[in-house]
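A.B. asks: Input structure: final21.pdb, which contains PDB, C-alpha atoms, pLDDT in the B column.
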ATOM      1  CA  PRO M  33     -95.941  14.294 164.328  1.00 68.00           C
ATOM      2  CA  ILE M  34     -95.170  17.265 162.123  1.00 80.00           C
ATOM      3  CA  VAL M  35     -96.530  17.020 158.572  1.00 80.00           C
ATOM      4  CA  ASP M  36     -95.776  19.775 156.060  1.00 82.00           C
ATOM      5  CA  GLY M  37     -94.807  22.066 158.904  1.00 82.00           C
ATOM      6  CA  VAL M  38     -98.080  21.463 160.746  1.00 84.00           C
ATOM      7  CA  ILE M  39     -98.174  19.813 164.192  1.00 83.00           C
ATOM      8  CA  ARG M  40    -100.791  17.075 164.229  1.00 81.00           C
ATOM      9  CA  SER M  41    -101.201  16.546 167.928  1.00 82.00           C
ATOM     10  CA  ILE M  42    -103.031  13.790 169.782  1.00 79.00           C
ATOM     11  CA  ALA M  43    -102.350  15.691 173.038  1.00 84.00           C
ATOM     12  CA  PRO M  44     -99.774  13.347 174.618  1.00 83.00           C
ATOM     13  CA  ALA M  45     -98.953  15.995 177.218  1.00 84.00           C
ATOM     14  CA  ALA M  46    -102.553  15.947 178.383  1.00 88.00           C
ATOM     15  CA  GLY M  47    -102.492  12.153 178.715  1.00 86.00           C
ATOM     16  CA  ALA M  48     -99.224  12.254 180.622  1.00 85.00           C
ATOM     17  CA  GLY M  49    -100.478  14.993 182.915  1.00 84.00           C
ATOM     18  CA  ALA M  50    -103.611  12.992 183.709  1.00 87.00           C
ATOM     19  CA  SER M  51    -101.740   9.743 184.445  1.00 89.00           C
ATOM     20  CA  VAL M  52     -98.679  10.953 186.374  1.00 87.00           C
ATOM     21  CA  HIS M  53    -100.587  11.679 189.587  1.00 87.00           C
ATOM     22  CA  ILE M  54    -102.429   8.334 189.490  1.00 91.00           C
ATOM     23  CA  LEU M  55     -99.209   6.379 188.916  1.00 90.00           C
ATOM     24  CA  ARG M  56     -97.554   8.117 191.847  1.00 89.00           C
ATOM     25  CA  ARG M  57    -100.518   7.442 194.131  1.00 91.00           C
ATOM     26  CA  HIS M  58    -100.173   3.743 193.347  1.00 92.00           C
ATOM     27  CA  GLY M  59     -96.505   3.850 194.310  1.00 90.00           C
ATOM     28  CA  ILE M  60     -95.216   3.180 190.805  1.00 89.00           C
ATOM     29  CA  HIS M  61     -91.695   4.499 190.295  1.00 86.00           C
ATOM     30  CA  PHE M  62     -91.152   6.069 186.902  1.00 85.00           C
ATOM     31  CA  LYS M  63     -89.316   8.826 185.060  1.00 86.00           C
ATOM     32  CA  HIS M  64     -91.400  11.204 182.963  1.00 84.00           C
ATOM     33  CA  VAL M  65     -89.438  12.466 179.939  1.00 86.00           C
ATOM     34  CA  TRP M  66     -90.645  14.454 176.991  1.00 82.00           C
ATOM     35  CA  SER M  67     -89.478  16.053 173.752  1.00 84.00           C
ATOM     36  CA  ALA M  68     -90.804  18.746 171.453  1.00 85.00           C
ATOM     37  CA  PRO M  69     -92.717  17.497 168.389  1.00 84.00           C
ATOM     38  CA  GLY M  70     -90.329  16.180 165.767  1.00 82.00           C
ATOM     39  CA  LYS M  71     -87.400  16.026 168.217  1.00 85.00           C
ATOM     40  CA  ALA M  72     -85.778  12.885 169.600  1.00 87.00           C
ATOM     41  CA  ILE M  73     -85.838  12.275 173.332  1.00 87.00           C
ATOM     42  CA  ASP M  74     -82.472  12.949 174.935  1.00 88.00           C
ATOM     43  CA  ALA M  75     -81.319   9.586 176.326  1.00 89.00           C
ATOM     44  CA  SER M  76     -79.313  11.318 179.062  1.00 89.00           C
ATOM     45  CA  THR M  77     -82.595  12.397 180.665  1.00 88.00           C
ATOM     46  CA  PHE M  78     -83.666   8.835 181.456  1.00 90.00           C
ATOM     47  CA  MET M  79     -80.673   6.496 181.253  1.00 92.00           C
ATOM     48  CA  PRO M  80     -79.538   7.180 184.852  1.00 91.00           C
ATOM     49  CA  PHE M  81     -83.054   6.283 186.036  1.00 92.00           C
ATOM     50  CA  LEU M  82     -83.040   3.075 183.976  1.00 93.00           C
ATOM     51  CA  ARG M  83     -79.646   2.094 185.355  1.00 93.00           C
ATOM     52  CA  ALA M  84     -80.847   2.741 188.910  1.00 93.00           C
ATOM     53  CA  ALA M  85     -84.031   0.740 188.290  1.00 93.00           C
ATOM     54  CA  ARG M  86     -81.990  -2.127 186.871  1.00 94.00           C
ATOM     55  CA  ALA M  87     -79.684  -2.073 189.911  1.00 94.00           C
ATOM     56  CA  PHE M  88     -82.687  -2.024 192.248  1.00 93.00           C
ATOM     57  CA  ARG M  89     -84.226  -5.030 190.522  1.00 93.00           C
ATOM     58  CA  MET M  90     -80.934  -6.979 190.528  1.00 95.00           C
ATOM     59  CA  LEU M  91     -80.308  -6.145 194.192  1.00 96.00           C
ATOM     60  CA  ARG M  92     -83.496  -7.785 195.402  1.00 95.00           C
ATOM     61  CA  GLY M  93     -82.892 -11.405 196.325  1.00 95.00           C
ATOM     62  CA  THR M  94     -79.103 -11.118 196.443  1.00 96.00           C
ATOM     63  CA  LYS M  95     -77.163 -12.697 199.313  1.00 97.00           C
ATOM     64  CA  LEU M  96     -74.237 -11.473 201.375  1.00 98.00           C
ATOM     65  CA  GLY M  97     -72.029 -13.774 203.420  1.00 97.00           C
ATOM     66  CA  MET M  98     -70.669 -12.672 206.805  1.00 95.00           C
ATOM     67  CA  ILE M  99     -67.986 -14.717 208.536  1.00 95.00           C
ATOM     68  CA  GLY M 100     -67.843 -13.995 212.241  1.00 92.00           C
ATOM     69  CA  PHE M 101     -69.635 -11.069 213.861  1.00 89.00           C
ATOM     70  CA  GLY M 102     -68.921  -7.707 215.474  1.00 87.00           C
ATOM     71  CA  ASP M 103     -65.250  -7.256 214.583  1.00 89.00           C
ATOM     72  CA  MET M 104     -63.393  -5.061 217.101  1.00 88.00           C
ATOM     73  CA  ARG M 105     -66.733  -4.680 218.929  1.00 85.00           C
ATOM     74  CA  LEU M 106     -67.606  -1.820 216.587  1.00 83.00           C
ATOM     75  CA  GLN M 107     -71.104  -0.407 216.917  1.00 79.00           C
ATOM     76  CA  SER M 108     -70.910   1.584 213.681  1.00 80.00           C
ATOM     77  CA  THR M 109     -71.052  -1.591 211.570  1.00 83.00           C
ATOM     78  CA  GLY M 110     -74.150  -2.921 213.308  1.00 85.00           C
ATOM     79  CA  PHE M 111     -77.281  -3.632 211.301  1.00 91.00           C
ATOM     80  CA  ASP M 112     -80.729  -5.186 211.508  1.00 92.00           C
ATOM     81  CA  VAL M 113     -80.844  -8.239 209.241  1.00 93.00           C
ATOM     82  CA  GLN M 114     -84.636  -8.001 208.896  1.00 95.00           C
ATOM     83  CA  GLU M 115     -84.477  -4.304 208.002  1.00 95.00           C
ATOM     84  CA  VAL M 116     -81.838  -4.967 205.350  1.00 96.00           C
ATOM     85  CA  HIS M 117     -84.132  -7.555 203.808  1.00 95.00           C
ATOM     86  CA  GLU M 118     -87.267  -5.398 204.069  1.00 95.00           C
ATOM     87  CA  VAL M 119     -85.676  -2.247 202.630  1.00 94.00           C
ATOM     88  CA  PHE M 120     -83.224  -3.656 200.087  1.00 95.00           C
ATOM     89  CA  GLY M 121     -84.455  -7.196 199.519  1.00 96.00           C
ATOM     90  CA  VAL M 122     -80.998  -8.500 200.484  1.00 97.00           C
ATOM     91  CA  GLU M 123     -80.347 -11.561 202.650  1.00 97.00           C
ATOM     92  CA  VAL M 124     -77.369 -11.693 205.014  1.00 97.00           C
ATOM     93  CA  GLU M 125     -76.141 -15.128 206.042  1.00 96.00           C
ATOM     94  CA  SER M 126     -73.730 -15.579 208.939  1.00 94.00           C
ATOM     95  CA  ARG M 127     -71.046 -18.270 209.062  1.00 95.00           C
ATOM     96  CA  ASP M 128     -68.897 -19.089 212.049  1.00 94.00           C
ATOM     97  CA  MET M 129     -65.129 -18.549 212.280  1.00 94.00           C
ATOM     98  CA  LEU M 130     -64.701 -22.054 213.684  1.00 94.00           C
ATOM     99  CA  GLU M 131     -66.558 -23.440 210.671  1.00 96.00           C
ATOM    100  CA  LEU M 132     -64.077 -21.656 208.420  1.00 96.00           C
ATOM    101  CA  GLN M 133     -61.059 -22.960 210.344  1.00 96.00           C
ATOM    102  CA  LYS M 134     -62.298 -26.558 210.307  1.00 97.00           C
ATOM    103  CA  GLU M 135     -62.899 -26.569 206.563  1.00 97.00           C
ATOM    104  CA  MET M 136     -59.492 -25.001 205.945  1.00 97.00           C
ATOM    105  CA  ASP M 137     -57.818 -27.679 208.073  1.00 96.00           C
ATOM    106  CA  ALA M 138     -59.664 -30.449 206.200  1.00 97.00           C
ATOM    107  CA  LEU M 139     -58.374 -29.398 202.773  1.00 97.00           C
ATOM    108  CA  ASP M 140     -55.863 -31.574 200.969  1.00 97.00           C
ATOM    109  CA  ARG M 141     -52.445 -29.937 201.290  1.00 95.00           C
ATOM    110  CA  GLY M 142     -51.521 -30.886 197.753  1.00 96.00           C
ATOM    111  CA  LYS M 143     -54.630 -29.188 196.373  1.00 95.00           C
ATOM    112  CA  VAL M 144     -53.855 -26.070 198.388  1.00 96.00           C
ATOM    113  CA  ALA M 145     -50.270 -25.987 197.075  1.00 96.00           C
ATOM    114  CA  ARG M 146     -51.398 -26.371 193.461  1.00 96.00           C
ATOM    115  CA  SER M 147     -54.065 -23.694 193.877  1.00 96.00           C
ATOM    116  CA  MET M 148     -51.568 -21.357 195.523  1.00 95.00           C
ATOM    117  CA  THR M 149     -49.208 -21.640 192.541  1.00 93.00           C
ATOM    118  CA  GLN M 150     -52.011 -21.093 190.056  1.00 94.00           C
ATOM    119  CA  LEU M 151     -53.731 -18.213 191.867  1.00 93.00           C
ATOM    120  CA  THR M 152     -50.561 -16.216 192.548  1.00 90.00           C
ATOM    121  CA  SER M 153     -48.622 -16.953 189.344  1.00 89.00           C
ATOM    122  CA  ALA M 154     -48.706 -13.270 188.299  1.00 86.00           C
ATOM    123  CA  TRP M 155     -47.776 -11.907 191.734  1.00 87.00           C
ATOM    124  CA  VAL M 156     -44.281 -10.667 192.624  1.00 86.00           C
ATOM    125  CA  PHE M 157     -43.181 -11.111 196.250  1.00 87.00           C
ATOM    126  CA  ASP M 158     -40.424  -9.213 198.045  1.00 87.00           C
ATOM    127  CA  ASN M 159     -40.525 -11.578 201.010  1.00 87.00           C
ATOM    128  CA  LYS M 160     -42.618 -14.628 200.190  1.00 87.00           C
ATOM    129  CA  GLN M 161     -43.839 -16.625 203.186  1.00 91.00           C
ATOM    130  CA  PRO M 162     -45.148 -19.984 201.916  1.00 91.00           C
ATOM    131  CA  ASP M 163     -46.848 -21.064 205.149  1.00 92.00           C
ATOM    132  CA  ALA M 164     -48.845 -17.847 205.437  1.00 92.00           C
ATOM    133  CA  LEU M 165     -49.645 -17.918 201.730  1.00 94.00           C
ATOM    134  CA  ALA M 166     -50.913 -21.490 202.060  1.00 95.00           C
ATOM    135  CA  LYS M 167     -53.320 -20.348 204.801  1.00 95.00           C
ATOM    136  CA  VAL M 168     -54.487 -17.472 202.601  1.00 95.00           C
ATOM    137  CA  THR M 169     -55.084 -19.875 199.721  1.00 96.00           C
ATOM    138  CA  ALA M 170     -56.981 -22.325 201.929  1.00 97.00           C
ATOM    139  CA  MET M 171     -59.152 -19.478 203.222  1.00 97.00           C
ATOM    140  CA  TYR M 172     -59.901 -18.370 199.673  1.00 97.00           C
ATOM    141  CA  ILE M 173     -60.796 -21.921 198.574  1.00 97.00           C
ATOM    142  CA  VAL M 174     -63.312 -22.330 201.416  1.00 98.00           C
ATOM    143  CA  LEU M 175     -64.876 -18.869 201.065  1.00 97.00           C
ATOM    144  CA  ASP M 176     -65.105 -19.220 197.290  1.00 98.00           C
ATOM    145  CA  LYS M 177     -66.835 -22.580 197.749  1.00 97.00           C
ATOM    146  CA  TRP M 178     -69.311 -21.093 200.220  1.00 98.00           C
ATOM    147  CA  ALA M 179     -70.045 -18.169 197.908  1.00 98.00           C
ATOM    148  CA  LYS M 180     -70.726 -20.479 194.970  1.00 97.00           C
ATOM    149  CA  GLU M 181     -72.860 -22.857 197.018  1.00 97.00           C
ATOM    150  CA  ARG M 182     -74.982 -20.129 198.608  1.00 97.00           C
ATOM    151  CA  GLY M 183     -74.944 -17.569 195.796  1.00 97.00           C
ATOM    152  CA  TYR M 184     -73.179 -14.766 197.686  1.00 97.00           C
ATOM    153  CA  VAL M 185     -72.387 -11.642 195.671  1.00 97.00           C
ATOM    154  CA  GLY M 186     -70.309 -10.203 198.497  1.00 96.00           C
ATOM    155  CA  LEU M 187     -68.449 -11.338 201.619  1.00 96.00           C
ATOM    156  CA  SER M 188     -67.238  -9.737 204.815  1.00 95.00           C
ATOM    157  CA  ILE M 189     -65.003 -11.319 207.432  1.00 94.00           C
ATOM    158  CA  LYS M 190     -63.980 -10.670 211.015  1.00 93.00           C
ATOM    159  CA  CYS M 191     -60.463  -9.293 210.656  1.00 90.00           C
ATOM    160  CA  PRO M 192     -58.350  -7.790 213.523  1.00 88.00           C
ATOM    161  CA  THR M 193     -60.132  -9.592 216.373  1.00 89.00           C
ATOM    162  CA  GLY M 194     -60.922 -12.614 214.214  1.00 90.00           C
ATOM    163  CA  VAL M 195     -58.562 -13.843 211.507  1.00 92.00           C
ATOM    164  CA  ALA M 196     -55.547 -11.744 212.525  1.00 89.00           C
ATOM    165  CA  ALA M 197     -55.855 -12.449 216.255  1.00 90.00           C
ATOM    166  CA  GLN M 198     -56.803 -16.129 216.071  1.00 90.00           C
ATOM    167  CA  MET M 199     -55.510 -17.564 212.779  1.00 91.00           C
ATOM    168  CA  GLY M 200     -52.060 -16.015 212.448  1.00 87.00           C
ATOM    169  CA  ILE M 201     -52.662 -14.231 209.120  1.00 91.00           C
ATOM    170  CA  THR M 202     -54.625 -11.283 207.797  1.00 90.00           C
ATOM    171  CA  PRO M 203     -57.401 -11.893 205.254  1.00 92.00           C
ATOM    172  CA  CYS M 204     -56.308  -9.086 202.924  1.00 91.00           C
ATOM    173  CA  LEU M 205     -54.783 -11.309 200.218  1.00 91.00           C
ATOM    174  CA  ALA M 206     -57.703 -13.724 200.453  1.00 94.00           C
ATOM    175  CA  GLY M 207     -59.924 -10.686 199.901  1.00 94.00           C
ATOM    176  CA  CYS M 208     -57.899  -9.717 196.828  1.00 92.00           C
ATOM    177  CA  LEU M 209     -58.491 -13.170 195.369  1.00 94.00           C
ATOM    178  CA  LEU M 210     -62.191 -13.089 196.252  1.00 96.00           C
ATOM    179  CA  ALA M 211     -62.554  -9.667 194.618  1.00 94.00           C
ATOM    180  CA  ARG M 212     -61.967 -11.329 191.261  1.00 94.00           C
ATOM    181  CA  ASN M 213     -65.577 -12.502 191.498  1.00 95.00           C
ATOM    182  CA  TYR M 214     -67.226 -10.996 194.583  1.00 96.00           C
ATOM    183  CA  HIS M 215     -67.454  -7.709 196.440  1.00 96.00           C
ATOM    184  CA  TYR M 216     -65.422  -7.860 199.625  1.00 95.00           C
ATOM    185  CA  VAL M 217     -64.977  -5.817 202.791  1.00 92.00           C
ATOM    186  CA  CYS M 218     -63.372  -6.667 206.115  1.00 90.00           C
ATOM    187  CA  GLU M 219     -64.482  -6.034 209.725  1.00 90.00           C
ATOM    188  CA  ASN M 220     -68.028  -7.473 209.341  1.00 91.00           C
ATOM    189  CA  ASP M 221     -69.030  -4.179 207.717  1.00 92.00           C
ATOM    190  CA  ILE M 222     -72.347  -5.213 206.159  1.00 93.00           C
ATOM    191  CA  PRO M 223     -73.542  -1.597 205.616  1.00 92.00           C
ATOM    192  CA  GLY M 224     -70.302  -0.919 203.745  1.00 92.00           C
ATOM    193  CA  LEU M 225     -70.542  -4.161 201.779  1.00 95.00           C
ATOM    194  CA  LEU M 226     -74.142  -3.399 200.805  1.00 96.00           C
ATOM    195  CA  THR M 227     -73.012   0.018 199.549  1.00 95.00           C
ATOM    196  CA  GLN M 228     -70.253  -1.605 197.495  1.00 95.00           C
ATOM    197  CA  VAL M 229     -72.709  -4.034 195.911  1.00 96.00           C
ATOM    198  CA  ILE M 230     -75.058  -1.178 194.993  1.00 96.00           C
ATOM    199  CA  LEU M 231     -72.196   0.797 193.443  1.00 95.00           C
ATOM    200  CA  GLY M 232     -71.116  -2.298 191.544  1.00 95.00           C
ATOM    201  CA  LEU M 233     -74.609  -2.825 190.131  1.00 95.00           C
ATOM    202  CA  LEU M 234     -74.832   0.820 189.091  1.00 94.00           C
ATOM    203  CA  SER M 235     -71.422   0.874 187.402  1.00 93.00           C
ATOM    204  CA  ASP M 236     -71.016  -2.751 186.236  1.00 91.00           C
ATOM    205  CA  GLN M 237     -67.576  -2.637 187.871  1.00 91.00           C
ATOM    206  CA  MET M 238     -65.925  -3.938 191.001  1.00 91.00           C
ATOM    207  CA  SER M 239     -66.021  -1.534 193.949  1.00 88.00           C
ATOM    208  CA  THR M 240     -63.960  -1.232 197.086  1.00 87.00           C
ATOM    209  CA  TYR M 241     -63.840   0.669 200.347  1.00 85.00           C
ATOM    210  CA  TRP M 242     -61.562   3.449 201.561  1.00 84.00           C
ATOM    211  CA  GLU M 243     -60.912   4.504 205.124  1.00 85.00           C
ATOM    212  CA  PHE M 244     -60.813   8.171 206.081  1.00 87.00           C
ATOM    213  CA  TYR M 245     -57.320   8.633 207.538  1.00 90.00           C
ATOM    214  CA  GLU M 246     -56.456  12.315 207.708  1.00 94.00           C
ATOM    215  CA  LEU M 247     -57.918  15.739 206.953  1.00 93.00           C
ATOM    216  CA  LEU M 248     -55.013  17.743 205.488  1.00 94.00           C
ATOM    217  CA  GLU M 249     -54.824  21.476 204.737  1.00 93.00           C
ATOM    218  CA  ASP M 250     -55.668  21.172 201.056  1.00 94.00           C
ATOM    219  CA  SER M 251     -56.641  17.541 200.647  1.00 95.00           C
ATOM    220  CA  VAL M 252     -58.028  14.440 202.291  1.00 94.00           C
ATOM    221  CA  LEU M 253     -56.030  11.264 202.876  1.00 93.00           C
ATOM    222  CA  PHE M 254     -57.860   8.001 202.245  1.00 89.00           C
ATOM    223  CA  GLY M 255     -56.328   4.565 202.480  1.00 86.00           C
ATOM    224  CA  CYS M 256     -56.923   0.879 202.981  1.00 83.00           C
ATOM    225  CA  CYS M 257     -55.228  -1.469 205.405  1.00 80.00           C
ATOM    226  CA  GLY M 258     -54.041  -4.042 202.850  1.00 80.00           C
ATOM    227  CA  PHE M 259     -56.843  -4.936 200.464  1.00 86.00           C
ATOM    228  CA  CYS M 260     -57.241  -3.862 196.858  1.00 86.00           C
ATOM    229  CA  PRO M 261     -59.045  -5.590 193.968  1.00 88.00           C
ATOM    230  CA  GLU M 262     -56.556  -6.582 191.295  1.00 87.00           C
ATOM    231  CA  CYS M 263     -58.628  -4.767 188.660  1.00 87.00           C
ATOM    232  CA  PHE M 264     -57.731  -1.504 190.406  1.00 85.00           C
ATOM    233  CA  LEU M 265     -54.000  -1.994 189.846  1.00 81.00           C
ATOM    234  CA  ARG M 266     -52.124  -0.294 187.026  1.00 71.00           C
ATOM    235  CA  GLU M 267     -50.045  -3.403 186.506  1.00 61.00           C
ATOM    236  CA  PRO M 268     -51.078  -7.093 186.682  1.00 51.00           C
TER     237      PRO M 268
END
Translate the structure described by the file into structure tokens.
C.D. replies:
Amino acid sequence: PIVDGVIRSIAPAAGAGASVHILRRHGIHFKHVWSAPGKAIDASTFMPFLRAARAFRMLRGTKLGMIGFGDMRLQSTGFDVQEVHEVFGVEVESRDMLELQKEMDALDRGKVARSMTQLTSAWVFDNKQPDALAKVTAMYIVLDKWAKERGYVGLSIKCPTGVAAQMGITPCLAGCLLARNYHYVCENDIPGLLTQVILGLLSDQMSTYWEFYELLEDSVLFGCCGFCPECFLREP
């Protein structure tokens, strides 16, 4: 402290200098911040570290749900489930497409119809297709149930060679509904989904993915096939 213009020092810099190396040798992650005597510590020097540490702690033990596997036979979305757990502390659970279809078929049609009306009450359709929308609603009901039962924070589903090719719909609208509560990505993209979850923990917001479409002369074109979290929309 400073008393009557005189610095009364207990040599905190010396203590910090002596301990920093030892802490690092023991693998302890920390952020060393300092301020001049009599001055407050600038929060901007350590808040990003605290937010990252909080996200790291929250990430460990989280679960991701994957429905189907290897969409479009892509190699770029491959991953090692053990490595994901060892490095990030995240568990990836796989569910089968047939399991999804059977549970959808077993749902009460009346419940599906009531849920469809409730879930899409704020949506405006140019060409509403009730049968397809009923399938979307049934898919959402099952996936939401699985996520609640197993504690998933994010889900990814087999899309073009899975849902679209075999079930007669695309999962985009089901993904929009799921994104009210969970991170979502299509095409069994677990690396992408893991990135979205990390971004969500860092920002306390929903995240989404963009595909790199075109490199233009003065800009880059990004897009998404049909999915967008409702919180990203300018209008309800």
A.B. asks: Which residues would end up in the selection if the PyMOL selection byres ((chain M and resi 101-108) around 9) were applied here, given that I need the answer as JSON, numbers by chain?
C.D. replies: {"M": [98, 99, 100, 109, 110, 111, 126, 127, 128, 129, 189, 190, 191, 192, 193, 194, 218, 219, 220, 221]}
A.B. asks: What does the PyMOL selection byres ((chain M and resi 230-238) around 10) select in this file, as number ranges by chain?
C.D. replies: M: 80, 82-91, 120, 211-216, 224-229, 239-240, 261-264
A.B. asks: Skipping near chain neighbours, those fewer than 5 positions away, what residues fall within 12 Å of Ala43 of chain M using all atoms listed in the file, listed as a VMD selection string?
C.D. replies: chain M and resid 33 48 to 50 69
A.B. asks: Write the residues of the selection above to a file with C-alpha atoms, as an mmCIF file, in the coordinates of the input.
C.D. replies:
data_model
loop_
_atom_site.group_PDB
_atom_site.id
_atom_site.type_symbol
_atom_site.label_atom_id
_atom_site.label_comp_id
_atom_site.auth_asym_id
_atom_site.auth_seq_id
_atom_site.Cartn_x
_atom_site.Cartn_y
_atom_site.Cartn_z
ATOM 1 C CA PRO M 33 -95.941 14.294 164.328
ATOM 2 C CA ALA M 48 -99.224 12.254 180.622
ATOM 3 C CA GLY M 49 -100.478 14.993 182.915
ATOM 4 C CA ALA M 50 -103.611 12.992 183.709
ATOM 5 C CA PRO M 69 -92.717 17.497 168.389
#
A.B. asks: If you measure from atom CA of Arg40 of chain M to atom CA of Arg56 of chain M, what distance in Å do you get, rounded to one decimal?
C.D. replies: 29.2 Å
A.B. asks: Identify which of the residues M:Ala206, M:Val185, M:Val156, M:Val195 lies closest to Met171 of chain M, counting only C-alpha atoms when measuring atom-to-atom distances.
C.D. replies: M:Ala206
A.B. asks: Tell me which residues the PyMOL selection byres ((chain M and resi 133) around 10) grabs here, as a list of chain:residue names.
C.D. replies: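 When the PyMOL selection byres ((chain M and resi 133) around 10) is applied to the shown file, the picked residues are M:Asp128, M:Met129, M:Leu130, M:Glu131, M:Leu132, M:Lys134, M:Glu135, M:Met136, M:Asp137, M:Ala138, M:Lys167, M:Ala170, M:Met171, M:Val174, M:Val195, M:Gln198, M:Met199.
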A.B. asks: I'd like the interatomic distance between atom CA of Ile201 of chain M and atom CA of Val168 of chain M, to a tenth of an Å.
C.D. replies: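 According to the coordinates, atom CA of Ile201 of chain M and atom CA of Val168 of chain M are separated by 7.5 Å.
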A.B. asks: Grab all the atoms of segment 43-50 of chain M that the file lists, wrap them in a box along x, y and z, add 4 Å per side, and give me centre plus edge lengths in Å (one decimal) as AutoDock Vina command-line options.
C.D. replies:
--center_x -101.3 --center_y 14.1 --center_z 178.4 --size_x 12.7 --size_y 11.8 --size_z 18.7
A.B. asks: Could you tell me how far atom CA of Phe78 of chain M lies from atom CA of Lys63 of chain M, in Å and to one decimal?
C.D. replies: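 Between atom CA of Phe78 of chain M and atom CA of Lys63 of chain M the gap is 6.7 Å.
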A.B. asks: Which protein, DNA or RNA residues are at most 10 Å from (-57.7, -18.5, 200.4) in the file's coordinates when you count all atoms listed in the file, listed as a list in words?
C.D. replies: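 So the residues meeting the distance criterion are Met136, Val144, Ser147, Met148, Leu151, Leu165, Ala166, Lys167, Val168, Thr169, Ala170, Met171, Tyr172, Ile173, Val174, Leu175, Asp176, Pro203, Cys204, Leu205, Ala206, Gly207, Cys208, Leu209 and Leu210 of chain M.
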